[in-house]
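This is protein_23.cif (mmCIF, C-alpha atoms).
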data_protein
loop_
_atom_site.group_PDB
_atom_site.id
_atom_site.type_symbol
_atom_site.label_atom_id
_atom_site.label_comp_id
_atom_site.auth_asym_id
_atom_site.auth_seq_id
_atom_site.Cartn_x
_atom_site.Cartn_y
_atom_site.Cartn_z
ATOM 1 C CA MET V 284 13.508 -7.276 -13.629
ATOM 2 C CA ARG V 285 12.182 -3.815 -12.926
ATOM 3 C CA HIS V 286 9.508 -2.628 -15.339
ATOM 4 C CA ALA V 287 10.548 -0.222 -18.101
ATOM 5 C CA LYS V 288 9.975 3.564 -18.214
ATOM 6 C CA ALA V 289 6.299 4.348 -17.686
ATOM 7 C CA GLU V 290 4.156 7.407 -18.204
ATOM 8 C CA GLN V 291 3.962 9.719 -15.208
ATOM 9 C CA PHE V 292 0.182 9.915 -14.957
ATOM 10 C CA ALA V 293 -2.875 7.737 -15.546
ATOM 11 C CA ASP V 294 -6.260 7.301 -13.898
ATOM 12 C CA SER V 295 -4.443 5.228 -11.260
ATOM 13 C CA ASP V 296 -0.869 4.153 -10.602
ATOM 14 C CA HIS V 297 -1.853 0.585 -11.503
ATOM 15 C CA GLU V 298 -2.970 1.734 -14.977
ATOM 16 C CA ARG V 299 0.222 3.586 -15.970
ATOM 17 C CA ARG V 300 1.450 2.306 -19.360
ATOM 18 C CA LEU V 301 4.933 2.306 -20.826
ATOM 19 C CA GLU V 302 6.245 5.311 -22.677
ATOM 20 C CA ALA V 303 7.502 4.626 -26.211
ATOM 21 C CA ARG V 304 11.067 4.725 -24.852
ATOM 22 C CA GLY V 305 10.131 2.136 -22.226
ATOM 23 C CA THR V 306 8.808 -0.218 -24.879
ATOM 24 C CA ARG V 307 11.995 0.128 -26.945
ATOM 25 C CA ASP V 308 14.146 -0.414 -23.859
ATOM 26 C CA ALA V 309 12.222 -3.548 -22.882
ATOM 27 C CA VAL V 310 12.611 -4.983 -26.405
ATOM 28 C CA ASP V 311 16.351 -4.349 -26.006
ATOM 29 C CA ALA V 312 16.334 -6.174 -22.662
ATOM 30 C CA GLY V 313 14.614 -9.163 -24.253
ATOM 31 C CA SER V 314 17.132 -9.194 -27.102
ATOM 32 C CA TRP V 315 19.960 -9.123 -24.551
ATOM 33 C CA LEU V 316 18.448 -12.055 -22.639
ATOM 34 C CA ALA V 317 18.187 -14.053 -25.869
ATOM 35 C CA LEU V 318 21.738 -13.134 -26.915
ATOM 36 C CA GLN V 319 23.039 -14.231 -23.497
ATOM 37 C CA GLU V 320 21.015 -17.453 -23.868
ATOM 38 C CA VAL V 321 19.406 -16.957 -20.453
ATOM 39 C CA PRO V 322 17.129 -20.012 -20.163
ATOM 40 C CA VAL V 323 13.804 -18.361 -19.343
ATOM 41 C CA GLU V 324 10.822 -20.677 -19.633
ATOM 42 C CA HIS V 325 8.401 -19.054 -17.201
ATOM 43 C CA ALA V 326 7.415 -15.493 -16.286
ATOM 44 C CA LEU V 327 5.886 -14.023 -13.144
ATOM 45 C CA VAL V 328 4.529 -10.552 -13.864
ATOM 46 C CA SER V 329 2.903 -7.903 -11.697
ATOM 47 C CA SER V 330 -0.655 -7.043 -12.686
ATOM 48 C CA ALA V 331 0.261 -3.360 -13.199
ATOM 49 C CA ALA V 332 -0.126 -2.201 -16.802
ATOM 50 C CA ARG V 333 3.514 -1.072 -17.026
ATOM 51 C CA ALA V 334 4.761 -4.501 -15.904
ATOM 52 C CA LEU V 335 2.499 -6.296 -18.381
ATOM 53 C CA ASP V 336 3.653 -3.942 -21.162
ATOM 54 C CA THR V 337 7.268 -4.611 -20.166
ATOM 55 C CA TRP V 338 6.690 -8.356 -20.365
ATOM 56 C CA GLU V 339 5.152 -8.084 -23.841
ATOM 57 C CA ALA V 340 8.086 -6.043 -25.136
ATOM 58 C CA VAL V 341 10.682 -8.337 -23.511
ATOM 59 C CA ARG V 342 8.908 -11.349 -24.983
ATOM 60 C CA GLU V 343 9.030 -9.723 -28.409
ATOM 61 C CA GLY V 344 12.746 -8.937 -28.088
ATOM 62 C CA ALA V 345 13.580 -12.453 -26.912
ATOM 63 C CA ALA V 346 11.203 -14.148 -29.384
ATOM 64 C CA TRP V 347 9.599 -16.176 -26.592
ATOM 65 C CA ASP V 348 6.265 -17.854 -27.166
ATOM 66 C CA PHE V 349 4.639 -18.395 -23.778
ATOM 67 C CA ASP V 350 2.220 -16.511 -21.592
ATOM 68 C CA PRO V 351 3.148 -15.188 -18.160
ATOM 69 C CA ASP V 352 1.615 -15.906 -14.802
ATOM 70 C CA VAL V 353 0.162 -12.558 -13.777
ATOM 71 C CA ASP V 354 0.339 -12.185 -10.015
ATOM 72 C CA ALA V 355 -1.552 -9.281 -8.460
ATOM 73 C CA SER V 356 0.434 -9.638 -5.235
ATOM 74 C CA LEU V 357 3.597 -8.526 -7.026
ATOM 75 C CA TYR V 358 2.151 -5.028 -7.578
ATOM 76 C CA ALA V 359 2.567 -3.969 -3.949
ATOM 77 C CA ALA V 360 4.851 -6.807 -2.865
ATOM 78 C CA GLY V 361 7.675 -6.328 -0.454
ATOM 79 C CA THR V 362 10.750 -8.498 -0.622
ATOM 80 C CA ASP V 363 9.278 -11.259 1.557
ATOM 81 C CA THR V 364 6.138 -11.529 -0.580
ATOM 82 C CA ALA V 365 8.107 -11.624 -3.836
ATOM 83 C CA LEU V 366 10.347 -14.327 -2.373
ATOM 84 C CA ASP V 367 7.263 -16.307 -1.318
ATOM 85 C CA VAL V 368 5.874 -16.073 -4.863
ATOM 86 C CA LEU V 369 9.120 -17.564 -6.190
ATOM 87 C CA ARG V 370 9.103 -20.254 -3.495
ATOM 88 C CA SER V 371 5.607 -21.296 -4.571
ATOM 89 C CA LEU V 372 6.805 -22.359 -8.031
ATOM 90 C CA SER V 373 6.751 -26.009 -8.973
ATOM 91 C CA ASP V 374 10.170 -27.647 -9.072
ATOM 92 C CA GLU V 375 9.422 -28.537 -12.684
ATOM 93 C CA VAL V 376 9.804 -24.840 -13.545
ATOM 94 C CA GLY V 377 13.295 -23.902 -14.687
ATOM 95 C CA GLY V 378 14.381 -20.374 -15.553
ATOM 96 C CA VAL V 379 12.001 -17.617 -14.433
ATOM 97 C CA LEU V 380 11.703 -13.951 -15.301
ATOM 98 C CA LEU V 381 10.020 -11.902 -12.597
ATOM 99 C CA VAL V 382 8.803 -8.477 -13.761
ATOM 100 C CA GLY V 383 7.989 -6.203 -10.863
ATOM 101 C CA HIS V 384 8.635 -2.906 -9.160
ATOM 102 C CA ASN V 385 11.250 -1.146 -7.105
ATOM 103 C CA PRO V 386 12.403 -1.075 -4.435
ATOM 104 C CA THR V 387 11.342 -4.728 -4.160
ATOM 105 C CA VAL V 388 13.087 -6.085 -7.260
ATOM 106 C CA ALA V 389 16.446 -4.470 -6.448
ATOM 107 C CA SER V 390 16.217 -5.495 -2.812
ATOM 108 C CA LEU V 391 15.327 -9.075 -3.679
ATOM 109 C CA ALA V 392 18.243 -9.354 -6.121
ATOM 110 C CA GLN V 393 20.702 -8.018 -3.553
ATOM 111 C CA LEU V 394 19.391 -10.279 -0.800
ATOM 112 C CA LEU V 395 19.481 -13.406 -2.959
ATOM 113 C CA ASP V 396 23.084 -12.707 -4.029
ATOM 114 C CA ASP V 397 25.571 -15.073 -2.366
ATOM 115 C CA GLY V 398 28.493 -12.702 -2.967
ATOM 116 C CA GLU V 399 30.325 -15.207 -5.165
ATOM 117 C CA GLY V 400 29.043 -14.107 -8.576
ATOM 118 C CA ASP V 401 30.251 -11.948 -11.433
ATOM 119 C CA GLU V 402 32.060 -9.031 -9.780
ATOM 120 C CA ASP V 403 31.378 -6.616 -12.641
ATOM 121 C CA ALA V 404 27.658 -7.417 -12.660
ATOM 122 C CA VAL V 405 27.438 -7.047 -8.879
ATOM 123 C CA ALA V 406 29.288 -3.727 -9.019
ATOM 124 C CA GLU V 407 26.990 -2.454 -11.760
ATOM 125 C CA MET V 408 23.904 -3.569 -9.839
ATOM 126 C CA SER V 409 25.133 -1.800 -6.716
ATOM 127 C CA GLN V 410 25.238 1.506 -8.614
ATOM 128 C CA GLY V 411 21.450 1.516 -8.919
ATOM 129 C CA PHE V 412 18.505 -0.325 -10.385
ATOM 130 C CA PRO V 413 16.894 2.024 -12.942
ATOM 131 C CA THR V 414 13.832 1.262 -15.011
ATOM 132 C CA CYS V 415 14.304 -1.765 -17.274
ATOM 133 C CA ALA V 416 17.185 -3.107 -15.170
ATOM 134 C CA LEU V 417 17.495 -6.839 -14.834
ATOM 135 C CA VAL V 418 19.783 -9.113 -12.913
ATOM 136 C CA VAL V 419 20.468 -12.716 -13.874
ATOM 137 C CA LEU V 420 20.816 -15.053 -10.921
ATOM 138 C CA ALA V 421 21.856 -18.709 -10.998
ATOM 139 C CA TYR V 422 20.209 -20.970 -8.443
ATOM 140 C CA ASP V 423 20.576 -24.731 -8.107
ATOM 141 C CA GLY V 424 17.904 -26.072 -5.828
ATOM 142 C CA ASP V 425 14.211 -26.481 -5.254
ATOM 143 C CA TRP V 426 12.160 -23.290 -5.439
ATOM 144 C CA VAL V 427 10.678 -23.933 -2.017
ATOM 145 C CA ASP V 428 14.213 -23.756 -0.570
ATOM 146 C CA LEU V 429 15.167 -20.453 -2.225
ATOM 147 C CA ASP V 430 16.574 -18.267 0.522
ATOM 148 C CA LEU V 431 18.655 -15.186 1.117
ATOM 149 C CA GLY V 432 22.209 -15.612 -0.122
ATOM 150 C CA SER V 433 21.350 -18.738 -2.101
ATOM 151 C CA ALA V 434 21.784 -17.490 -5.681
ATOM 152 C CA ARG V 435 24.737 -16.215 -7.683
ATOM 153 C CA VAL V 436 24.678 -13.056 -9.805
ATOM 154 C CA THR V 437 25.807 -13.966 -13.324
ATOM 155 C CA GLY V 438 24.715 -10.866 -15.228
ATOM 156 C CA PHE V 439 23.226 -7.405 -15.044
ATOM 157 C CA HIS V 440 21.764 -5.342 -17.850
ATOM 158 C CA VAL V 441 19.761 -2.151 -18.248
ATOM 159 C CA GLY V 442 17.619 -2.232 -21.370
ATOM 160 C CA ARG V 443 18.362 0.872 -23.420
ATOM 161 C CA ALA V 444 17.382 1.052 -27.058
ATOM 162 C CA ARG V 445 20.131 2.481 -29.196
#
Written as structure tokens, how would this file's structure read?
Amino acid sequence: MRHAKAEQFADSDHERRLEARGTRDAVDAGSWLALQEVPVEHALVSSAARALDTWEAVREGAAWDFDPDVDASLYAAGTDTALDVLRSLSDEVGGVLLVGHNPTVASLAQLLDDGEGDEDAVAEMSQGFPTCALVVLAYDGDWVDLDLGSARVTGFHVGRAR
């Protein structure tokens, strides 16, 4: 998931918080995840303020009651680093929500896609990955073995409060 809409300026890029619209959109994204019954039991979140704010709003919308793993490496991570973070998960961990930044999140989703998933979701994802966009990927294997083309796109949603 890409973080929601953030303010343009702060003392540093890392400290940029969500705009009110971004918070509403992230709550919507969490509600959508809950409605779709996406089995999220773990979260990996960038240490940037806007990613942490996104997580809190998604958690509220989904009514989840667990704390995320905050990973500072996700703030400036490229695709390989983000993939390594996922590969480091214990095999006891099931569904994971990763909240990060573009272009890494969009690139990672596209590279993990095996091309056999939901055609509508893949088409929507290929049109762009705006703020508060999330892709749902199904993967059946050990985290350490997660590789390019090893997951199937099953959903795509852009959180937008109505």
> Between V:Leu381, V:Leu301, V:Ala434, V:Ala416, which is the closest to V:Gly398 once you count only C-alpha atoms?
Replying inline: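 Looking at the shortest contact to V:Gly398, the residue is V:Ala434.
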>> One decimal, in Å: what's the spacing between atom CA of V:Pro322 and atom CA of V:Ala359?
In response: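 Interatomic distance here is 27.1 Å.
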>> Using the chain letters and numbers from this file, what does the PyMOL selection byres ((chain V and resi 362-374) around 10) select? Give the answer as a PyMOL selection string.
In response: chain V and resi 325+327+354+356-361+375-377+379+381+383+385-392+394-395+424-431
Residues from last step as file, C-alpha atoms, as a short mmCIF file (atom, residue, chain, number, x, y, z; two decimals), keeping the file's coordinate frame:
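Output below, filename selection_0.cif:
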data_model
loop_
_atom_site.label_atom_id
_atom_site.label_comp_id
_atom_site.auth_asym_id
_atom_site.auth_seq_id
_atom_site.Cartn_x
_atom_site.Cartn_y
_atom_site.Cartn_z
CA HIS V 325 8.40 -19.05 -17.20
CA LEU V 327 5.89 -14.02 -13.14
CA ASP V 354 0.34 -12.18 -10.02
CA SER V 356 0.43 -9.64 -5.24
CA LEU V 357 3.60 -8.53 -7.03
CA TYR V 358 2.15 -5.03 -7.58
CA ALA V 359 2.57 -3.97 -3.95
CA ALA V 360 4.85 -6.81 -2.86
CA GLY V 361 7.68 -6.33 -0.45
CA GLU V 375 9.42 -28.54 -12.68
CA VAL V 376 9.80 -24.84 -13.54
CA GLY V 377 13.30 -23.90 -14.69
CA VAL V 379 12.00 -17.62 -14.43
CA LEU V 381 10.02 -11.90 -12.60
CA GLY V 383 7.99 -6.20 -10.86
CA ASN V 385 11.25 -1.15 -7.10
CA PRO V 386 12.40 -1.08 -4.43
CA THR V 387 11.34 -4.73 -4.16
CA VAL V 388 13.09 -6.08 -7.26
CA ALA V 389 16.45 -4.47 -6.45
CA SER V 390 16.22 -5.50 -2.81
CA LEU V 391 15.33 -9.07 -3.68
CA ALA V 392 18.24 -9.35 -6.12
CA LEU V 394 19.39 -10.28 -0.80
CA LEU V 395 19.48 -13.41 -2.96
CA GLY V 424 17.90 -26.07 -5.83
CA ASP V 425 14.21 -26.48 -5.25
CA TRP V 426 12.16 -23.29 -5.44
CA VAL V 427 10.68 -23.93 -2.02
CA ASP V 428 14.21 -23.76 -0.57
CA LEU V 429 15.17 -20.45 -2.22
CA ASP V 430 16.57 -18.27 0.52
CA LEU V 431 18.66 -15.19 1.12
#
> Hey, which of V:Val441, V:Ala287, V:Ala332, V:Leu380 ends up closest to V:Gly411? Count all atoms listed in the file.
Replying inline: V:Val441
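Coordinates place atom CA of V:Met284 at a distance of 17.4 Å from atom CA of V:His297.
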> Distance atom CA of V:Asp308-atom CA of V:Arg333, one decimal place?
Replying inline: 12.7 Å
> Between V:Glu399, V:Trp347, V:Glu339, V:Val419, which one has atoms that come closest to V:Val321, using only C-alpha atoms?
Replying inline: V:Val419
> If I put a ball of radius 7 Å at (24.8, -11.3, -17.1) in the file's coordinates, which residues poke into it when counting all atoms listed in the file, written as a PyMOL selection string?
Replying inline: chain V and resi 404+418-419+437-440
For the point (6.0, -17.4, -27.4) in the file's frame, write as a short mmCIF file (atom, residue, chain, number, x, y, z; two decimals) with C-alpha atoms, keeping the file's coordinate frame all residues with an atom no more than 12 Å away, counting all atoms listed in the file.
data_model
loop_
_atom_site.label_atom_id
_atom_site.label_comp_id
_atom_site.auth_asym_id
_atom_site.auth_seq_id
_atom_site.Cartn_x
_atom_site.Cartn_y
_atom_site.Cartn_z
CA VAL V 323 13.80 -18.36 -19.34
CA GLU V 324 10.82 -20.68 -19.63
CA HIS V 325 8.40 -19.05 -17.20
CA ALA V 326 7.42 -15.49 -16.29
CA TRP V 338 6.69 -8.36 -20.36
CA GLU V 339 5.15 -8.08 -23.84
CA ALA V 340 8.09 -6.04 -25.14
CA VAL V 341 10.68 -8.34 -23.51
CA ARG V 342 8.91 -11.35 -24.98
CA GLU V 343 9.03 -9.72 -28.41
CA GLY V 344 12.75 -8.94 -28.09
CA ALA V 345 13.58 -12.45 -26.91
CA ALA V 346 11.20 -14.15 -29.38
CA TRP V 347 9.60 -16.18 -26.59
CA ASP V 348 6.26 -17.85 -27.17
CA PHE V 349 4.64 -18.40 -23.78
CA ASP V 350 2.22 -16.51 -21.59
CA PRO V 351 3.15 -15.19 -18.16
#
> With distances taken over all atoms listed in the file, which of V:Ala309, V:Val436, V:Ala317, V:Ala355 is nearest to V:Cys415?
Replying inline: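 Closest to V:Cys415, using all atoms listed in the file: V:Ala309.
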